[in-house]
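Novice: Have a look at this one.
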Amino acid sequence: MTSSESGLGVGASLRRKEDARFLNGQGRYVGDITRPGMLEVAFLRSPVAHARLRSVTKPAGAESKVFTIDDFPGVGTIRANSALPGFRISEQPVLAKDKLRHVGETIAACVADSRAAAEDLAALCELDYETLPAVFDMRTATLPETALVHDHWSMNAFLETRRDDDVSGLDAIAAAKVTRTLKTSRQSMAPLEGRGVLAEWDSRLEQMIVTTSTQMPHVTKSGLADCLGLDEGQVRIISPDVGGGFGYKGILLPEEVVCASLARRLGRPVRWIEDRFEQLSASANCREHHYILTAWADKDGKLLGAECEAIVDAGAYSSYPFGACLEAAQIGSILPGPYVLPLLRCHTVSACTNKPPILPYRGVARTGVCYAMETTLDALARKLGITAEAIRLVNLVPPEAMPHRNLVGKVFDSGDYPESLRRAVKAIDIPAVRKRQAAGETVGVGFATFCEQGAHGTSVYHAWGIPFVPGYEQSHVRLSPDGVLEVRVGVHSHGQGMETTLSQVANEVLGIHPSKVRVVHGDTALTPYSTGTWGSRAGVMAGGAVAEACRQLSVRIAAIGAALLQVSKDDVVVEDGKVRRKDTDSSVSIADVARTWYRAPQNLPRDVDKGGLEITAGYRPDPDTGTHSYAAHAVIARVDTDTGEVVLEDYVIVEDGGKLLNPMIVDGQVLGGLAQGIGTALYEEMPYDEMGQPLAGTLADYLLPGSSDVPDARLEHMETLSPWTTFGQKGIGESGAIGPPGAIINAINDALASIGAEVMDLPATPERVLAAIHLAKSGKQ
Amino acid sequence: MKPAAFEYARPKDWSDALQLVADGARPGTGTQSLGPLLNLRLAQPETIADLRHLPDYAGVTVAGDVLRIGAGTTHAAIEDGIVPGRVGAIMAAVARRIAYRPVRNRGTIGGSLAHADPAADWVAVLPALGGTAIALGPKGERRIPLAGFVLGIFETALAEGELLRAVEVPVLPESARWGHWKFCRKVGEFSKATACLLRVEDAAPRAVLAALDGPPLVIEDARALVADPTGEAARVVGEVEGLTPWRSAVAQAALRHAVEAAT
């Protein structure tokens, strides 16, 4: 019997082990952890977007409780450089010095016994600054007359990239050409738990112990050690339960550096817990793209080429470790999407503005790029008089071309892209929509198809030259004397259910019951180094590493088991938690093997592997250019032409993530991503005024979709194995958040086609939708 | 996002409460609006007088053809049917769509009305029901028509030192027809336009248009609106100053829908 047949291994929809504590309120987050003598920190933050900072006056009598950068002369700046040519380097002070570059930038840290008292201190500080013109619009950021965010730069751009295929001949041969100007709004990622940091200096270990809500504890450790001037061994990062990451916690925070510095200096534990106002006003940091996209097609809709002028608002600094260019510089390489695109001319700018530094939000650049490409494709289809399905089917990479290297050099591993769309078309009731449209209803159907590169490794990231390049992912496995397996991984699980899926992987290889597998993560002292959880990589990388470590362990288990069974190790197999003779049913349990190693070593064979029952193994797929999961989204949307309100009536997602380690968990991830994608499409927007002030300070102003705003989506899965990974699994964690804006706006535009209206900017608020309708109607008159 | 320090006072009776307010205390009930203002430090009162424990502050009494609803009655109690009869049914349906149940569990009808957020539900609905606010001041009770109670954003007809003690609304016949429509970007959000229409036999229909960044617009005689909802809605909304095209469109839709719902 294989483990899959037992219903516990890879592919089983096991209920999540971690839910017992989450659902019973037993999770433990930074905010739940206190220490004797702990001080709370409140940050004095910049009230303005751009200014020269002249002085900070500490409150009289409380000077010893307020700290500016001058109090930490040995602390370095945060730098995330890129090896890409032309990259301009920013230095982010952990507390502002000389200049203020975005609203919410940290200026001073105030400590007190309670957060309220610390906020009192912050309110009493006096700032003297000279306001400078705010760089609030990425479209004008690079103009010569615009003020410079970093005085020594020649223009407000971290980086420009170009790809220069010759598209000049396409006008002559194309049957259709469309150009669309599209904009996505700045968003603020909104995990349920915000950031939080508890720092304490252990004088015995001479170690800085920082408990922080992070997705990547080891990278934070390296970055923090660098900033503090400590050996890496002098920094331990503990990432306890984390209430959602999404990229918001894939960063070395100035607050982490400051809290650690304070703990060292004061000799007391200090804690900072981000509140929702800080999250919204100081950290609206993602998704703001601007596109001018032109596409040419022949009469059948087959793409002949595309030209793209793209700007991404990267904010004021290059965040550690992903940097300021991860989104813009990727646009050129992900614009072809899942399609065969023969020619691409693309210019991108990572604009530097007086806004919080950009972070890669779930889906990273793909959500914006997919939105731009998918809406432009539909515009082409409308112009050619063909359907949205038809233009996609004629352009999608066909299954017989797999593995496929596209024009920008991305290699798609496997899949039947057109089939995912055909299934989505079948699952959504297009005839009913057309009938209602004929009766005058403003209802529409929209599609988006895309693929998502995940778990891409060394070969991709070394070219970027960012502060870390992911290599071999490692897992440490240890069989305990009682037969319980400890699995240690350097990735972090914060909603992905890895405590369950990785125990399923161990079960798949060793047959040990998942309840007897303990997955340890979230502590740099206990786990092997890892770049952490990001880029839809953990299922492939940590899954592969755990499988490899278990496989190596099974060889050692087999040798000991065979000795106990008094046969050659070639005559036994390890399965179902036992070492079994191949020829008979006689067996010993893995627990017996463990007991022998630890407690009855006199029974071990002479040639036993002296490494015992602990193994650290590394894993990297070959090739490591990444898996490509893919999906087709289909949605029916109804538009109220009186108010501009959009109601999503039906939503279908057909996904292919290869082998799903736990299908139920993947469903949860896809649905969660969908909710976030709906937020991007219809709700979420952090507006900035011309002074660079963020205008949404509470969740009453910054709208997130609620449970009643997310339709009961129907999910279908295809299962095309990746030829490159352990079980054929593909990275799929971000997928759900990529497709919705494109699909939803296409549905809206389909609904409004009879009026001739088209929505261009995200989110498609009722106000924007109604404006588009009014514009179309006034144009007709 | 922690409030600045303040004194918490719990008045034992109404004269105690009036004294606290006279001394500068800010009255608080469910604190569903005041709480966020405190946390954001937009409000920094020295003292908050918690009115919730005052005698007769919550609850409903019926006297002849008038319902008296204590200002401290929670939205949840109204949702759950504490107000009897046709008015109760109307108010329960309104209460059910105020924010979310946890907000309704604490938020009160009087607190919401006295806070006078133009987008709040009772600010729109109570003038349509045509009742009276009962204010209590140092000189005793004062009656203020609900149609003129909210004067502007966070501005009411309550005088300095007065507290809102109750609202009185007339009992409605079962045959009374009611239309209420509001536009929220999502469930539980503040309305961007609210309209109500009340039709009682042998009386002119009465309408209210609210959530317009100002006081509610009360149309005492809404016969024209009922006769020509589209034209009259356009005319009424057209006279409201400062609306963006979208707000104007949504306000017109609100009036039309309210009429439709009440027929």
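The chains in the structure tokens are called A, B, ... from first to last as shown; in each chain the residues are counted from 1, and the ligands are counted from 1 in the order shown.
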From a DSSP pass on the backbone, collect the residues of segment 203-261 of chain B flagged as helix (DSSP H, G or I) and hand them back as a PyMOL selection string.

Specialist: chain B and resi 223-227+229-238+245-261

Novice: Would you mind exporting the chosen residues as a short mmCIF file (atom, residue, chain, number, x, y, z; two decimals), in the first residue's frame, restricted to C-alpha atoms?

Specialist:
data_model
loop_
_atom_site.label_atom_id
_atom_site.label_comp_id
_atom_site.auth_asym_id
_atom_site.auth_seq_id
_atom_site.Cartn_x
_atom_site.Cartn_y
_atom_site.Cartn_z
CA ARG B 223 -46.76 63.99 -3.60
CA ALA B 224 -44.79 65.31 -6.55
CA LEU B 225 -42.08 62.74 -5.92
CA VAL B 226 -44.58 59.92 -5.83
CA ALA B 227 -46.23 61.18 -9.01
CA PRO B 229 -40.12 59.91 -9.17
CA THR B 230 -37.55 60.38 -11.94
CA GLY B 231 -38.27 64.00 -12.71
CA GLU B 232 -38.78 65.06 -9.12
CA ALA B 233 -35.69 63.19 -7.90
CA ALA B 234 -33.63 65.00 -10.51
CA ARG B 235 -35.15 68.34 -9.47
CA VAL B 236 -34.67 67.75 -5.73
CA VAL B 237 -31.12 66.48 -6.05
CA GLY B 238 -30.27 69.18 -8.55
CA PRO B 245 -21.98 63.73 -10.59
CA TRP B 246 -21.78 60.30 -9.01
CA ARG B 247 -23.21 61.34 -5.65
CA SER B 248 -25.96 63.13 -7.51
CA ALA B 249 -26.77 60.03 -9.55
CA VAL B 250 -26.82 57.80 -6.47
CA ALA B 251 -29.00 60.26 -4.55
CA GLN B 252 -31.49 60.33 -7.40
CA ALA B 253 -31.48 56.55 -7.54
CA ALA B 254 -32.11 56.47 -3.80
CA LEU B 255 -35.23 58.61 -4.10
CA ARG B 256 -36.57 56.60 -7.01
CA HIS B 257 -35.97 53.30 -5.23
CA ALA B 258 -37.58 54.53 -2.00
CA VAL B 259 -40.71 55.51 -3.90
CA GLU B 260 -40.73 52.19 -5.70
CA ALA B 261 -40.37 50.28 -2.43
#

Novice: Could you pull out the strand (DSSP E) residues of segment 36-190 of chain B from DSSP and send them as a PDB file with C-alpha atoms, in the first residue's frame?

Specialist:
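Dumped everything to result-v2.pdb:
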ATOM      1  CA  THR B  47     -13.681  63.296  30.930  1.00  0.00           C
ATOM      2  CA  ILE B  48     -16.132  60.891  29.381  1.00  0.00           C
ATOM      3  CA  ALA B  49     -19.488  60.532  31.095  1.00  0.00           C
ATOM      4  CA  ASP B  50     -20.739  57.015  30.437  1.00  0.00           C
ATOM      5  CA  VAL B  60     -39.437  51.571  24.901  1.00  0.00           C
ATOM      6  CA  THR B  61     -42.708  52.783  26.417  1.00  0.00           C
ATOM      7  CA  VAL B  62     -46.021  53.286  24.677  1.00  0.00           C
ATOM      8  CA  ALA B  63     -48.254  56.165  25.737  1.00  0.00           C
ATOM      9  CA  VAL B  66     -46.753  57.777  20.835  1.00  0.00           C
ATOM     10  CA  LEU B  67     -43.781  55.454  21.185  1.00  0.00           C
ATOM     11  CA  ARG B  68     -41.027  56.710  23.444  1.00  0.00           C
ATOM     12  CA  ILE B  69     -37.665  55.113  22.725  1.00  0.00           C
ATOM     13  CA  GLY B  70     -34.937  55.691  25.270  1.00  0.00           C
ATOM     14  CA  THR B 132     -39.704  64.452  18.388  1.00  0.00           C
ATOM     15  CA  ALA B 133     -36.385  64.421  20.167  1.00  0.00           C
ATOM     16  CA  ILE B 134     -36.551  64.802  23.936  1.00  0.00           C
ATOM     17  CA  ALA B 135     -33.643  66.862  25.176  1.00  0.00           C
ATOM     18  CA  LEU B 136     -32.831  67.197  28.851  1.00  0.00           C
ATOM     19  CA  GLY B 137     -31.047  70.254  30.145  1.00  0.00           C
ATOM     20  CA  GLY B 140     -35.727  70.272  32.302  1.00  0.00           C
ATOM     21  CA  GLU B 141     -36.996  68.586  29.154  1.00  0.00           C
ATOM     22  CA  ARG B 142     -37.272  70.269  25.784  1.00  0.00           C
ATOM     23  CA  ARG B 143     -38.972  68.912  22.686  1.00  0.00           C
ATOM     24  CA  ILE B 144     -37.261  69.285  19.328  1.00  0.00           C
ATOM     25  CA  PRO B 145     -38.887  68.080  16.087  1.00  0.00           C
ATOM     26  CA  VAL B 150     -29.645  67.370  12.750  1.00  0.00           C
ATOM     27  CA  LEU B 151     -28.370  70.725  11.491  1.00  0.00           C
ATOM     28  CA  GLY B 152     -25.173  69.722   9.737  1.00  0.00           C
ATOM     29  CA  GLU B 155     -24.139  69.370  14.447  1.00  0.00           C
ATOM     30  CA  THR B 156     -27.518  69.108  16.181  1.00  0.00           C
ATOM     31  CA  LEU B 163     -28.403  65.563  26.631  1.00  0.00           C
ATOM     32  CA  LEU B 164     -30.603  63.573  24.294  1.00  0.00           C
ATOM     33  CA  ARG B 165     -32.838  61.539  26.545  1.00  0.00           C
ATOM     34  CA  ALA B 166     -35.298  59.864  24.182  1.00  0.00           C
ATOM     35  CA  VAL B 167     -37.015  60.049  20.832  1.00  0.00           C
ATOM     36  CA  GLU B 168     -40.780  59.906  20.406  1.00  0.00           C
ATOM     37  CA  VAL B 169     -42.366  58.691  17.210  1.00  0.00           C
ATOM     38  CA  PRO B 170     -46.051  58.382  16.408  1.00  0.00           C
ATOM     39  CA  ARG B 177     -46.340  51.967   3.473  1.00  0.00           C
ATOM     40  CA  TRP B 178     -42.623  52.442   3.793  1.00  0.00           C
ATOM     41  CA  GLY B 179     -39.746  52.652   1.377  1.00  0.00           C
ATOM     42  CA  HIS B 180     -36.108  52.826   2.427  1.00  0.00           C
ATOM     43  CA  TRP B 181     -33.080  52.557   0.183  1.00  0.00           C
ATOM     44  CA  LYS B 182     -29.453  53.255   0.799  1.00  0.00           C
ATOM     45  CA  PHE B 183     -26.298  52.798  -1.176  1.00  0.00           C
TER      46      PHE B 183
END

Novice: Can I get the residues of chain A within 7 Å of chain B, each with the closest pair of atoms and their distance in Å to one decimal, using only C-alpha atoms, sorted chain first then ascending number, as a tab-separated table?

Specialist:
residue	atom	partner	partner_atom	distance
A:Ala116	CA	B:Lys2	CA	5.1
A:Asp120	CA	B:Ala4	CA	6.8
A:Asp275	CA	B:Met1	CA	6.5
A:Phe277	CA	B:Met1	CA	7.0
A:Asp642	CA	B:Ala253	CA	6.4
A:Thr643	CA	B:Val250	CA	5.2
A:Ala700	CA	B:Glu189	CA	7.0
A:Ser708	CA	B:Val187	CA	6.9
A:Asp709	CA	B:Lys186	CA	6.8
A:Glu767	CA	B:Trp246	CA	5.5
A:Leu770	CA	B:Trp246	CA	6.8

Novice: Provide the atom CA of Ala381 of chain A to atom CA of Lys426 of chain A distance in Å, to one decimal place.

Specialist: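 Atom CA of Ala381 of chain A sits 19.4 Å away from atom CA of Lys426 of chain A.
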
Novice: Would you mind listing what lies within 12 Å of Arg101 of chain B as a list in words, with only C-alpha atoms counted and same-chain residues fewer than 6 positions away left out?

Specialist: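 What passes the distance filter is Gln32, Thr74, His75, Ala76, Ala77, Ile78, Glu79, Asp80, Ala95, Gly107, Val187 and Gly188 of chain B.
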
Novice: What's the 10 Å shell around Arg287 of chain A, counting only C-alpha atoms, without same-chain residues fewer than 3 positions away, as number ranges by chain?

Specialist: A: 183-189, 284, 290, 312-314, 327, 358-368, 680, 685

Novice: Within 12 Å of Ile615 of chain A, counting only C-alpha atoms, which residues show up once you throw out same-chain ones fewer than 5 positions away? Write them as a PyMOL selection string, please.

Specialist: chain A and resi 474-479+485-488+528+545-557+609-610

Novice: Would you write out those residues with N, CA and C atoms, as a compact mmCIF listing (two decimals), in the first residue's frame?

Specialist:
# COMPACT_ATOMS: atom_id res chain seq x y z
N GLN A 474 16.73 23.60 2.30
CA GLN A 474 17.13 22.50 3.18
C GLN A 474 16.03 22.15 4.16
N SER A 475 16.05 20.88 4.53
CA SER A 475 15.19 20.43 5.61
C SER A 475 16.02 19.52 6.50
N HIS A 476 15.75 19.62 7.78
CA HIS A 476 16.39 18.72 8.75
C HIS A 476 15.31 17.80 9.29
N VAL A 477 15.55 16.50 9.24
CA VAL A 477 14.60 15.57 9.83
C VAL A 477 15.30 14.79 10.94
N ARG A 478 14.58 14.51 11.97
CA ARG A 478 15.15 13.81 13.13
C ARG A 478 14.09 12.86 13.66
N LEU A 479 14.49 11.58 13.72
CA LEU A 479 13.59 10.60 14.30
C LEU A 479 13.84 10.55 15.81
N LEU A 485 8.59 11.86 14.25
CA LEU A 485 9.52 12.51 13.32
C LEU A 485 9.43 14.02 13.48
N GLU A 486 10.56 14.65 13.73
CA GLU A 486 10.62 16.12 13.71
C GLU A 486 11.11 16.55 12.34
N VAL A 487 10.40 17.47 11.74
CA VAL A 487 10.78 18.02 10.44
C VAL A 487 11.04 19.50 10.64
N ARG A 488 12.24 19.95 10.37
CA ARG A 488 12.60 21.35 10.57
C ARG A 488 12.82 22.02 9.23
N PRO A 528 17.05 25.06 9.53
CA PRO A 528 18.10 25.35 8.56
C PRO A 528 17.82 26.66 7.82
N ALA A 545 12.50 19.39 -0.27
CA ALA A 545 13.58 19.19 0.71
C ALA A 545 13.17 18.17 1.77
N VAL A 546 11.93 18.26 2.23
CA VAL A 546 11.47 17.31 3.25
C VAL A 546 11.44 15.90 2.66
N ALA A 547 10.97 15.80 1.41
CA ALA A 547 10.93 14.48 0.78
C ALA A 547 12.34 13.90 0.65
N GLU A 548 13.29 14.76 0.26
CA GLU A 548 14.66 14.28 0.07
C GLU A 548 15.28 13.87 1.42
N ALA A 549 15.05 14.66 2.44
CA ALA A 549 15.59 14.31 3.76
C ALA A 549 14.97 13.00 4.25
N CYS A 550 13.68 12.85 4.05
CA CYS A 550 13.00 11.61 4.47
C CYS A 550 13.50 10.41 3.66
N ARG A 551 13.74 10.63 2.38
CA ARG A 551 14.24 9.53 1.55
C ARG A 551 15.60 9.06 2.05
N GLN A 552 16.48 10.02 2.34
CA GLN A 552 17.80 9.65 2.86
C GLN A 552 17.68 8.97 4.22
N LEU A 553 16.74 9.47 5.03
CA LEU A 553 16.53 8.86 6.35
C LEU A 553 16.01 7.43 6.21
N SER A 554 15.19 7.21 5.20
CA SER A 554 14.59 5.88 5.04
C SER A 554 15.66 4.85 4.73
N VAL A 555 16.74 5.27 4.06
CA VAL A 555 17.84 4.34 3.77
C VAL A 555 18.48 3.88 5.07
N ARG A 556 18.67 4.84 5.98
CA ARG A 556 19.29 4.47 7.27
C ARG A 556 18.32 3.63 8.11
N ILE A 557 17.05 4.00 8.04
CA ILE A 557 16.05 3.22 8.78
C ILE A 557 16.01 1.79 8.26
N ASP A 609 25.11 3.37 9.68
CA ASP A 609 25.52 4.74 9.35
C ASP A 609 25.65 5.52 10.66
N LYS A 610 26.86 6.00 10.92
CA LYS A 610 27.12 6.63 12.21
C LYS A 610 26.42 7.99 12.35

Novice: Can you tell me, as a ChimeraX atom specification, what residues are no more than 8 Å from Val111 of chain A when counting only C-alpha atoms, ignoring any on the same chain fewer than 6 positions away?

Specialist: /A:39-42,65-66,118,270

Novice: For the residues in that selection, give me N, CA and C atoms as a PDB file, in the first residue's frame.

Specialist:
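Saved to part.pdb:
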ATOM      1  N   LEU A  39       9.264  47.267  27.648  1.00  0.00           N
ATOM      2  CA  LEU A  39       8.816  48.617  27.291  1.00  0.00           C
ATOM      3  C   LEU A  39       8.090  48.566  25.954  1.00  0.00           C
ATOM      4  N   GLU A  40       7.117  49.449  25.821  1.00  0.00           N
ATOM      5  CA  GLU A  40       6.389  49.544  24.547  1.00  0.00           C
ATOM      6  C   GLU A  40       6.932  50.734  23.766  1.00  0.00           C
ATOM      7  N   VAL A  41       6.947  50.577  22.456  1.00  0.00           N
ATOM      8  CA  VAL A  41       7.492  51.619  21.584  1.00  0.00           C
ATOM      9  C   VAL A  41       6.378  52.238  20.747  1.00  0.00           C
ATOM     10  N   ALA A  42       6.387  53.552  20.656  1.00  0.00           N
ATOM     11  CA  ALA A  42       5.567  54.249  19.661  1.00  0.00           C
ATOM     12  C   ALA A  42       6.513  55.083  18.813  1.00  0.00           C
ATOM     13  N   LYS A  65      13.744  59.049  27.079  1.00  0.00           N
ATOM     14  CA  LYS A  65      12.782  58.066  26.580  1.00  0.00           C
ATOM     15  C   LYS A  65      12.498  58.219  25.089  1.00  0.00           C
ATOM     16  N   VAL A  66      13.164  59.150  24.466  1.00  0.00           N
ATOM     17  CA  VAL A  66      12.946  59.407  23.044  1.00  0.00           C
ATOM     18  C   VAL A  66      14.286  59.307  22.323  1.00  0.00           C
ATOM     19  N   ALA A 118       3.604  55.884  25.504  1.00  0.00           N
ATOM     20  CA  ALA A 118       4.612  56.114  24.460  1.00  0.00           C
ATOM     21  C   ALA A 118       4.056  57.042  23.383  1.00  0.00           C
ATOM     22  N   VAL A 270      11.955  45.372  24.455  1.00  0.00           N
ATOM     23  CA  VAL A 270      11.068  46.413  23.923  1.00  0.00           C
ATOM     24  C   VAL A 270      10.194  45.801  22.833  1.00  0.00           C
TER      25      VAL A 270
END

Novice: State, in Å with one decimal place, the distance from atom CA of Leu396 of chain A to atom CA of Pro342 of chain A.

Specialist: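 Pair atom CA of Leu396 of chain A / atom CA of Pro342 of chain A returns 12.4 Å.
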